[in-house]
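J.: Enclosed is the structure file upload-v9.txt (compact mmCIF, C-alpha atoms).
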```
# COMPACT_ATOMS: atom_id res chain seq x y z
CA MET V 1 16.71 3.24 -1.45
CA LYS V 2 19.71 2.26 -3.60
CA LYS V 3 20.48 5.88 -4.37
CA THR V 4 20.08 6.92 -0.76
CA LEU V 5 22.37 4.22 0.59
CA PHE V 6 24.91 4.90 -2.18
CA LEU V 7 25.00 8.51 -0.99
CA VAL V 8 25.13 7.54 2.70
CA PHE V 9 28.10 5.20 2.26
CA SER V 10 29.92 7.77 0.12
CA ALA V 11 29.41 10.49 2.70
CA ALA V 12 30.50 8.14 5.50
CA ILE V 13 33.74 7.40 3.64
CA VAL V 14 34.50 11.12 3.41
CA ILE V 15 33.70 11.72 7.09
CA PHE V 16 35.65 8.73 8.40
CA SER V 17 38.58 9.55 6.10
CA ILE V 18 38.80 13.11 7.38
CA ILE V 19 38.70 11.85 10.97
CA SER V 20 41.44 9.32 10.16
CA ILE V 21 43.62 11.99 8.58
CA CYS V 22 43.20 14.17 11.68
CA CYS V 23 44.28 11.24 13.90
CA ALA V 24 46.92 9.60 11.68
CA PRO V 25 50.23 9.29 13.60
CA ILE V 26 52.52 9.88 10.61
CA ILE V 27 50.58 12.61 8.81
CA ASN V 28 50.27 14.61 12.03
CA GLY V 29 53.87 14.04 13.14
CA VAL V 30 52.87 12.25 16.34
CA LEU V 31 55.03 9.26 15.46
CA THR V 32 58.22 11.32 15.56
CA GLU V 33 60.57 8.60 14.39
CA SER V 34 58.58 8.18 11.17
CA GLY V 35 60.24 11.35 9.89
CA SER V 36 63.23 9.23 8.91
CA TRP V 37 61.13 6.46 7.33
CA LYS V 38 60.51 8.36 4.12
CA THR V 39 64.25 8.69 3.49
CA GLU V 40 65.32 5.20 4.54
CA ASN V 41 67.44 3.58 1.82
CA CYS V 42 65.98 0.12 1.37
CA LYS V 43 67.99 -0.35 -1.82
CA LYS V 44 71.18 -0.17 0.21
CA GLU V 45 69.82 -2.71 2.70
CA SER V 46 68.83 -4.96 -0.20
CA ASP V 47 72.30 -4.70 -1.74
CA GLU V 48 73.86 -5.57 1.62
CA TYR V 49 71.56 -8.58 1.95
CA ASN V 50 72.45 -9.85 -1.54
CA HIS V 51 76.15 -9.24 -0.90
CA LEU V 52 76.05 -11.39 2.23
CA LYS V 53 74.25 -14.19 0.38
CA LYS V 54 76.72 -14.19 -2.50
CA ASN V 55 79.86 -13.83 -0.39
CA SER V 56 79.38 -16.56 2.16
CA GLY V 57 77.93 -14.48 4.94
CA THR V 58 77.04 -16.47 8.03
CA ASP V 59 73.45 -17.62 8.52
CA ASP V 60 73.10 -15.24 11.46
CA GLN V 61 74.37 -12.30 9.40
CA ILE V 62 72.02 -13.08 6.51
CA LYS V 63 69.07 -13.55 8.86
CA ALA V 64 69.79 -10.31 10.69
CA GLN V 65 70.16 -8.32 7.47
CA LYS V 66 66.93 -9.82 6.11
CA LYS V 67 65.11 -8.50 9.17
CA VAL V 68 66.64 -5.05 8.66
CA LEU V 69 65.53 -5.08 5.02
CA ASN V 70 61.99 -6.19 5.87
CA LYS V 71 61.70 -3.54 8.55
CA CYS V 72 62.86 -0.85 6.12
CA ASN V 73 60.31 -2.00 3.52
CA ARG V 74 57.52 -1.96 6.11
CA HIS V 75 58.36 1.56 7.21
CA LYS V 76 58.51 2.89 3.65
CA ALA V 77 55.26 1.13 2.77
CA MET V 78 53.36 2.42 5.81
CA TYR V 79 54.63 5.95 5.33
CA GLY V 80 53.47 6.04 1.72
CA LEU V 81 50.21 4.20 2.37
CA GLU V 82 49.11 6.48 5.20
CA TYR V 83 49.25 9.46 2.88
CA SER V 84 48.04 7.80 -0.31
CA SER V 85 45.24 5.63 1.07
CA LEU V 86 43.67 8.19 3.42
CA ILE V 87 43.88 11.09 0.97
CA LEU V 88 42.58 8.90 -1.85
CA ASP V 89 39.73 7.83 0.43
CA VAL V 90 38.65 11.46 0.74
CA VAL V 91 38.91 12.07 -3.01
CA LEU V 92 37.07 8.90 -4.04
CA GLY V 93 34.42 9.40 -1.39
CA PHE V 94 33.86 13.01 -2.41
CA VAL V 95 33.44 12.05 -6.09
CA CYS V 96 30.87 9.42 -5.12
CA VAL V 97 29.08 11.92 -2.87
CA ILE V 98 28.66 14.28 -5.84
CA LEU V 99 27.35 11.45 -8.01
CA GLY V 100 25.11 10.26 -5.19
CA LEU V 101 23.58 13.72 -4.78
CA LEU V 102 22.89 13.98 -8.51
CA HIS V 103 21.05 10.67 -8.47
CA TYR V 104 19.33 11.36 -5.17
CA PHE V 105 17.69 14.43 -6.75
CA ASP V 106 17.12 12.53 -10.04
CA VAL V 107 19.35 14.91 -11.99
CA ALA V 108 21.47 12.21 -13.65
CA LYS V 109 19.06 9.29 -13.99
CA PRO V 110 20.27 8.33 -17.53
CA PHE V 111 23.76 7.70 -16.12
CA GLU V 112 22.88 5.36 -13.26
CA LYS V 113 24.79 2.44 -14.76
CA ILE V 114 27.91 4.55 -15.26
CA THR V 115 27.66 5.74 -11.67
CA GLY V 116 27.17 2.14 -10.59
CA ILE V 117 30.38 1.11 -12.31
CA ILE V 118 32.24 4.02 -10.71
CA GLY V 119 30.85 3.10 -7.29
CA LEU V 120 31.74 -0.57 -7.72
CA ALA V 121 35.27 0.21 -8.91
CA THR V 122 35.76 2.78 -6.15
CA GLY V 123 34.59 0.29 -3.54
CA VAL V 124 37.00 -2.39 -4.73
CA ILE V 125 40.02 -0.09 -5.14
CA GLY V 126 39.43 1.74 -1.87
CA PHE V 127 38.83 -1.50 0.02
CA VAL V 128 42.09 -3.06 -1.16
CA LEU V 129 44.24 0.03 -0.60
CA THR V 130 42.82 0.78 2.85
CA LEU V 131 43.07 -2.87 3.88
CA VAL V 132 46.76 -2.99 2.92
CA TYR V 133 47.36 0.17 4.97
CA ILE V 134 45.60 -1.34 7.99
CA CYS V 135 47.69 -4.51 7.69
CA TYR V 136 50.99 -2.61 7.64
CA SER V 137 49.91 -0.20 10.37
CA GLY V 138 48.53 -2.97 12.58
CA TYR V 139 51.65 -5.09 12.18
CA ILE V 140 54.03 -2.28 13.13
CA PHE V 141 51.74 -1.24 15.98
CA THR V 142 51.60 -4.70 17.56
CA LYS V 143 54.93 -6.28 16.56
CA GLU V 144 57.65 -3.66 16.36
CA PRO V 145 59.49 -2.29 19.41
CA ALA V 146 58.60 1.29 20.19
CA THR V 147 61.36 3.84 19.73
CA THR V 148 59.63 6.80 21.28
CA ARG V 149 60.56 9.34 23.96
CA TYR V 150 59.86 9.76 27.61
CA ASP V 151 58.97 13.32 28.51
CA SER V 152 61.91 13.42 30.90
CA GLY V 153 64.45 12.36 28.31
CA PHE V 154 65.16 10.36 25.17
CA SER V 155 64.96 6.61 25.49
CA THR V 156 66.65 4.45 22.90
CA TYR V 157 65.36 1.32 24.61
CA MET V 158 61.70 1.23 25.56
CA ILE V 159 61.98 -1.59 28.09
CA LYS V 160 58.82 -3.62 28.63
CA LEU V 161 57.50 -3.16 32.17
CA ASN V 162 54.83 -4.79 34.28
CA GLY V 163 52.01 -2.85 35.91
CA ASP V 164 54.26 -1.88 38.83
CA GLY V 165 56.94 -0.53 36.51
CA ALA V 166 59.40 -3.41 37.06
CA PHE V 167 61.40 -5.21 34.38
CA ALA V 168 62.92 -7.94 36.60
CA GLU V 169 61.90 -9.71 39.79
CA ARG V 170 63.93 -11.39 42.49
CA ASP V 171 64.44 -15.12 42.06
CA GLY V 172 66.53 -16.37 44.98
CA ASN V 173 69.83 -14.55 44.80
CA GLU V 174 69.28 -13.60 41.15
CA TYR V 175 66.79 -11.55 39.19
CA LYS V 176 64.55 -13.00 36.50
CA CYS V 177 63.92 -10.81 33.45
CA LEU V 178 60.15 -10.70 33.26
CA TYR V 179 59.75 -10.57 29.49
CA TYR V 180 62.79 -12.38 28.14
CA LYS V 181 61.96 -15.08 25.57
CA LYS V 182 64.79 -17.12 24.16
CA ASP V 183 63.55 -17.50 20.59
CA LYS V 184 61.89 -14.10 20.22
CA ASP V 185 63.89 -11.04 19.22
CA ASN V 186 63.32 -7.86 21.21
CA SER V 187 60.92 -9.58 23.59
CA ILE V 188 62.14 -7.33 26.42
CA LEU V 189 61.18 -4.16 24.53
CA ALA V 190 57.76 -2.51 24.68
CA LYS V 191 55.69 -2.47 21.50
CA TYR V 192 53.74 0.55 20.31
CA SER V 193 50.60 -1.27 21.42
CA ASP V 194 51.92 -1.20 25.02
CA LEU V 195 52.30 2.57 25.21
CA GLY V 196 48.77 3.24 26.39
CA LYS V 197 49.47 1.51 29.70
CA LYS V 198 50.03 3.49 32.88
CA GLN V 199 53.65 2.39 33.37
CA TYR V 200 54.74 4.25 30.22
CA ASN V 201 52.99 7.49 31.17
CA TYR V 202 52.72 9.88 34.11
CA GLU V 203 51.82 8.25 37.40
CA LYS V 204 51.36 10.25 40.58
CA LYS V 205 52.96 7.61 42.76
CA ARG V 206 56.16 7.74 40.69
CA HIS V 207 56.56 11.45 41.31
CA TYR V 208 55.26 11.53 44.88
CA PRO V 209 56.27 8.15 46.32
CA GLY V 210 56.15 7.05 49.92
CA ASP V 211 59.33 6.56 51.91
CA ASN V 212 58.99 2.79 51.73
CA ASP V 213 58.15 2.53 48.02
CA GLU V 214 60.81 0.27 46.56
CA PHE V 215 60.71 1.79 43.07
CA ASN V 216 61.88 5.09 44.57
CA LYS V 217 65.10 3.62 45.96
CA ALA V 218 68.16 4.25 43.80
CA ASN V 219 69.49 0.84 44.80
CA CYS V 220 66.53 -0.82 43.02
CA GLN V 221 66.74 1.28 39.86
CA ARG V 222 68.64 0.74 36.62
CA THR V 223 68.96 2.85 33.49
CA ASP V 224 67.18 1.72 30.35
CA TYR V 225 70.56 0.82 28.85
CA GLU V 226 71.51 -1.31 31.85
CA ALA V 227 68.14 -3.07 31.70
CA TYR V 228 68.57 -3.71 27.97
CA VAL V 229 72.09 -5.11 28.26
CA GLY V 230 71.23 -7.10 31.38
CA CYS V 231 68.18 -8.87 29.92
CA TYR V 232 68.61 -8.92 26.13
CA ASN V 233 70.37 -12.28 25.89
CA SER V 234 69.65 -13.79 29.28
CA GLU V 235 66.69 -14.95 31.30
CA LYS V 236 68.56 -13.81 34.40
CA PHE V 237 69.56 -10.19 34.79
CA SER V 238 73.30 -10.09 34.13
CA GLY V 239 74.03 -6.58 35.39
CA THR V 240 75.11 -5.34 38.80
CA LEU V 241 72.92 -6.81 41.51
CA PRO V 242 71.53 -4.54 44.23
CA SER V 243 72.81 -4.73 47.76
CA PRO V 244 70.77 -4.98 49.86
CA GLN V 245 68.46 -6.93 47.59
CA CYS V 246 65.19 -5.59 46.22
CA ASP V 247 62.05 -7.54 45.34
CA ASN V 248 62.07 -6.00 41.84
CA LEU V 249 64.25 -3.93 39.55
CA TYR V 250 62.84 -0.73 38.05
CA LEU V 251 63.86 1.87 35.50
CA SER V 252 65.38 5.09 36.78
CA ILE V 253 63.69 7.05 33.97
CA LYS V 254 60.05 8.06 34.35
CA ALA V 255 57.45 9.83 32.27
CA ASN V 256 56.33 13.36 33.12
CA GLY V 257 53.36 13.43 30.77
CA PHE V 258 51.05 11.38 28.58
CA GLY V 259 52.91 11.56 25.28
CA ASN V 260 53.03 7.79 24.87
CA LYS V 261 49.31 7.40 25.52
CA TYR V 262 48.61 10.23 23.10
CA LEU V 263 50.46 8.35 20.37
CA PHE V 264 48.69 5.13 21.32
CA ASP V 265 45.23 6.72 21.22
CA ARG V 266 45.81 8.43 17.87
CA TRP V 267 47.15 5.26 16.28
CA VAL V 268 44.28 3.10 17.57
CA ALA V 269 41.71 5.67 16.44
CA THR V 270 43.20 5.71 12.94
CA ILE V 271 43.04 1.92 12.65
CA ILE V 272 39.45 1.81 13.95
CA PHE V 273 38.17 4.50 11.60
CA SER V 274 40.06 2.89 8.72
CA CYS V 275 38.11 -0.29 9.46
CA PHE V 276 34.90 1.75 9.29
CA ILE V 277 36.06 3.05 5.90
CA ILE V 278 36.53 -0.51 4.67
CA ALA V 279 33.01 -1.42 5.77
CA CYS V 280 31.65 1.60 3.91
CA TYR V 281 33.58 0.65 0.77
CA ILE V 282 31.89 -2.75 0.86
CA GLY V 283 28.51 -1.03 1.08
CA LEU V 284 29.46 1.37 -1.71
CA ALA V 285 30.52 -1.51 -3.97
CA ILE V 286 27.30 -3.40 -3.29
CA PHE V 287 25.00 -0.48 -4.04
CA GLY V 288 27.15 0.57 -6.97
CA PHE V 289 26.59 -2.88 -8.40
CA LEU V 290 22.83 -2.58 -7.75
CA LEU V 291 22.78 0.77 -9.54
CA PHE V 292 24.60 -0.81 -12.47
CA GLN V 293 21.87 -3.44 -12.67
CA SER V 294 19.13 -0.79 -12.58
CA ASN V 295 16.89 -0.07 -15.55
CA GLY V 296 18.30 3.37 -16.20
CA SER V 297 19.35 3.98 -19.79
CA GLY V 298 22.80 4.99 -20.85
CA LEU V 299 25.33 2.16 -20.81
```
When written as structure tokens, how does the structure in this file appear?
T.:
Amino acid sequence: MKKTLFLVFSAAIVIFSIISICCAPIINGVLTESGSWKTENCKKESDEYNHLKKNSGTDDQIKAQKKVLNKCNRHKAMYGLEYSSLILDVVLGFVCVILGLLHYFDVAKPFEKITGIIGLATGVIGFVLTLVYICYSGYIFTKEPATTRYDSGFSTYMIKLNGDGAFAERDGNEYKCLYYKKDKDNSILAKYSDLGKKQYNYEKKRHYPGDNDEFNKANCQRTDYEAYVGCYNSEKFSGTLPSPQCDNLYLSIKANGFGNKYLFDRWVATIIFSCFIIACYIGLAIFGFLLFQSNGSGL
């Protein structure tokens, strides 16, 4: 049973790793902006941060540069980890599959303890490396503003929208920014984890609206830049107010396809299968340890 489960967990690691590689947003170029992550100069950002600290930079300047530096380090780390961890998962899993097959057919019985050590070490190393990748990937996915593209044009500012596609709602004679939070940077911007929602992808009603649909009226629409400037530092929309008034303010840009959902689905799938890989590494380490404790001769 030990040999069988050792082989099963090894094979599962290979299978899940291949699936993860096929889904991975960076490896497959789905996360288009990640192309610049590998060449980001974090040393320059670090030097700028240290310069501000040593030359009486203001607290706001130092804080802002620290965020830039941390973001750069996260991007570099995730870029490298997606390649190294997933590819190493395949290699380590494949090696353990070969060893598992040898022991399953009792070809290498004298070396069970050596195989056990290899399985235990592989489980620990793979677990740690894959876990670190999941942490970086999950953090960027849920915390960082998305800088992706609408199919109908490039969007520098992915404004966070409600289910109706609005970013602000009427409040008396003013408009309240729906997602503005005073002490939270970029709260008005959509995160990568938001991109699977309907408002960031093709919707029939956006392209074939009724005559009375408010979101179709130019008076109630604003560009993504206007929405960003109008809500970034204010709970109340500070841009040009519509006349006559609308119940909500919407973006003038709209998606023609499902590119954002495609990115969302691939990223989520990679994280889920990476979690499966971690579970298999735990199993591999356990049964590697049991093989090491077996009565086979050799070590």
J.: Within 8 Å of Ile18 in chain V, counting all atoms listed in the file, which residues show up once you throw out same-chain ones fewer than 3 positions away? Write them as a PyMOL selection string, please.
T.: chain V and resi 14-15+21-22+86+90
J.: Using only C-alpha atoms, which of V:Lys254, V:Tyr192, V:Pro110, V:Phe292 sits nearest Gly138 in chain V?
T.: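 For Gly138 in chain V, the nearest of the candidates is V:Tyr192.
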J.: Contacts of Arg170 in chain V at 6 Å or less, counting all atoms listed in the file, minus same-chain residues fewer than 5 places along, as a list in words?
T.: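 Contacts, in chain order: Tyr175, Asp247 and Asn248 of chain V.
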J.: Atoms to include: C-alpha atoms. Write the selected residues as a tab-separated table (two decimals), keeping the file's coordinate frame.
T.:
```
chain	number	residue	atom	x	y	z
V	175	TYR	CA	66.79	-11.55	39.19
V	247	ASP	CA	62.05	-7.54	45.34
V	248	ASN	CA	62.07	-6.00	41.84
```
J.: Using all atoms listed in the file, which residues sit within 12 Å of Val229 in chain V once same-chain residues fewer than 6 positions away are excluded, as number ranges by chain?
T.: V: 157, 159, 177, 180, 186, 188-189, 222-223, 235-240
J.: Return the single residue from V:Ile282, V:Leu263, V:Ala168, V:Leu52 that is closest to Gly126 in chain V, with distances computed using all atoms listed in the file.
T.: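 Looking at the shortest contact to Gly126 in chain V, the residue is V:Ile282.
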J.: Kindly indicate which residue among V:Cys280, V:Leu92, V:Leu195, V:Ala24 lies nearest to Phe258 in chain V, using all atoms listed in the file for the distances.
T.: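 Under the stated criterion, the closest residue is V:Leu195.
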J.: Taking all atoms of range 256-271 of chain V that the file lists, what box with edges along x, y and z, padded by 3 Å per side, do you get, with centre and edge lengths in Å to one decimal, as JSON?
T.:
```
{"center_x": 49.0, "center_y": 7.7, "center_z": 22.9, "size_x": 20.6, "size_y": 17.5, "size_z": 26.5}
```
J.: Which polymer residues, protein or nucleic acid, are no farther than 9 Å from (71.8, -0.3, 41.9), counting only C-alpha atoms, as a ChimeraX atom specification?
T.: /V:217-222,240-243,249
J.: One decimal, in Å: what's the spacing between CA of Gly29 in chain V and CA of Ile87 in chain V?
T.: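 Atom-to-atom, CA of Gly29 in chain V to CA of Ile87 in chain V, that is 16.0 Å.
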J.: How would you write as a PDB file with C-alpha atoms, keeping the file's coordinate frame the residues that get within 12 Å of (65.8, 0.2, 5.0) in the file's frame, counting only C-alpha atoms?
T.:
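Result went into selection.pdb, see below:
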```pdb
ATOM      1  CA  SER V  36      63.230   9.230   8.910  1.00  0.00           C
ATOM      2  CA  TRP V  37      61.130   6.460   7.330  1.00  0.00           C
ATOM      3  CA  LYS V  38      60.510   8.360   4.120  1.00  0.00           C
ATOM      4  CA  THR V  39      64.250   8.690   3.490  1.00  0.00           C
ATOM      5  CA  GLU V  40      65.320   5.200   4.540  1.00  0.00           C
ATOM      6  CA  ASN V  41      67.440   3.580   1.820  1.00  0.00           C
ATOM      7  CA  CYS V  42      65.980   0.120   1.370  1.00  0.00           C
ATOM      8  CA  LYS V  43      67.990  -0.350  -1.820  1.00  0.00           C
ATOM      9  CA  LYS V  44      71.180  -0.170   0.210  1.00  0.00           C
ATOM     10  CA  GLU V  45      69.820  -2.710   2.700  1.00  0.00           C
ATOM     11  CA  SER V  46      68.830  -4.960  -0.200  1.00  0.00           C
ATOM     12  CA  ASP V  47      72.300  -4.700  -1.740  1.00  0.00           C
ATOM     13  CA  GLU V  48      73.860  -5.570   1.620  1.00  0.00           C
ATOM     14  CA  TYR V  49      71.560  -8.580   1.950  1.00  0.00           C
ATOM     15  CA  GLN V  65      70.160  -8.320   7.470  1.00  0.00           C
ATOM     16  CA  LYS V  66      66.930  -9.820   6.110  1.00  0.00           C
ATOM     17  CA  LYS V  67      65.110  -8.500   9.170  1.00  0.00           C
ATOM     18  CA  VAL V  68      66.640  -5.050   8.660  1.00  0.00           C
ATOM     19  CA  LEU V  69      65.530  -5.080   5.020  1.00  0.00           C
ATOM     20  CA  ASN V  70      61.990  -6.190   5.870  1.00  0.00           C
ATOM     21  CA  LYS V  71      61.700  -3.540   8.550  1.00  0.00           C
ATOM     22  CA  CYS V  72      62.860  -0.850   6.120  1.00  0.00           C
ATOM     23  CA  ASN V  73      60.310  -2.000   3.520  1.00  0.00           C
ATOM     24  CA  ARG V  74      57.520  -1.960   6.110  1.00  0.00           C
ATOM     25  CA  HIS V  75      58.360   1.560   7.210  1.00  0.00           C
ATOM     26  CA  LYS V  76      58.510   2.890   3.650  1.00  0.00           C
ATOM     27  CA  ALA V  77      55.260   1.130   2.770  1.00  0.00           C
TER      28      ALA V  77
END
```
J.: At what distance in Å, to one decimal, does CA of Lys160 in chain V lie from CA of Lys205 in chain V?
T.: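 Taking CA of Lys205 in chain V as the start and CA of Lys160 in chain V as the end point, the length is 19.0 Å.
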J.: Pick the closest to Gly283 in chain V from V:Gly119, V:Pro209, V:Gly35, V:Gly80: which is it, counting only C-alpha atoms?
T.: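 Answer, going by the shortest atom-to-atom distance: V:Gly119.
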J.: Applying 10 Å and all atoms listed in the file, which residues near Tyr83 in chain V remain after dropping the ones on its own chain fewer than 5 positions away? List them as number ranges by chain.
T.: V: 21, 24, 26-27, 78, 88-89, 133
J.: What does the distance between CA of Ser20 in chain V and CA of Leu129 in chain V come to in Å, to one decimal place?
T.: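 Those two atoms sit 14.5 Å apart.
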J.: Find the residues around Tyr200 in chain V up to 12 Å (only C-alpha atoms counted), leave out those fewer than 2 positions away in its own chain, and share them as a PyMOL selection string.
T.: chain V and resi 146+148-152+155+158-166+190-198+202-203+206+251+253-264
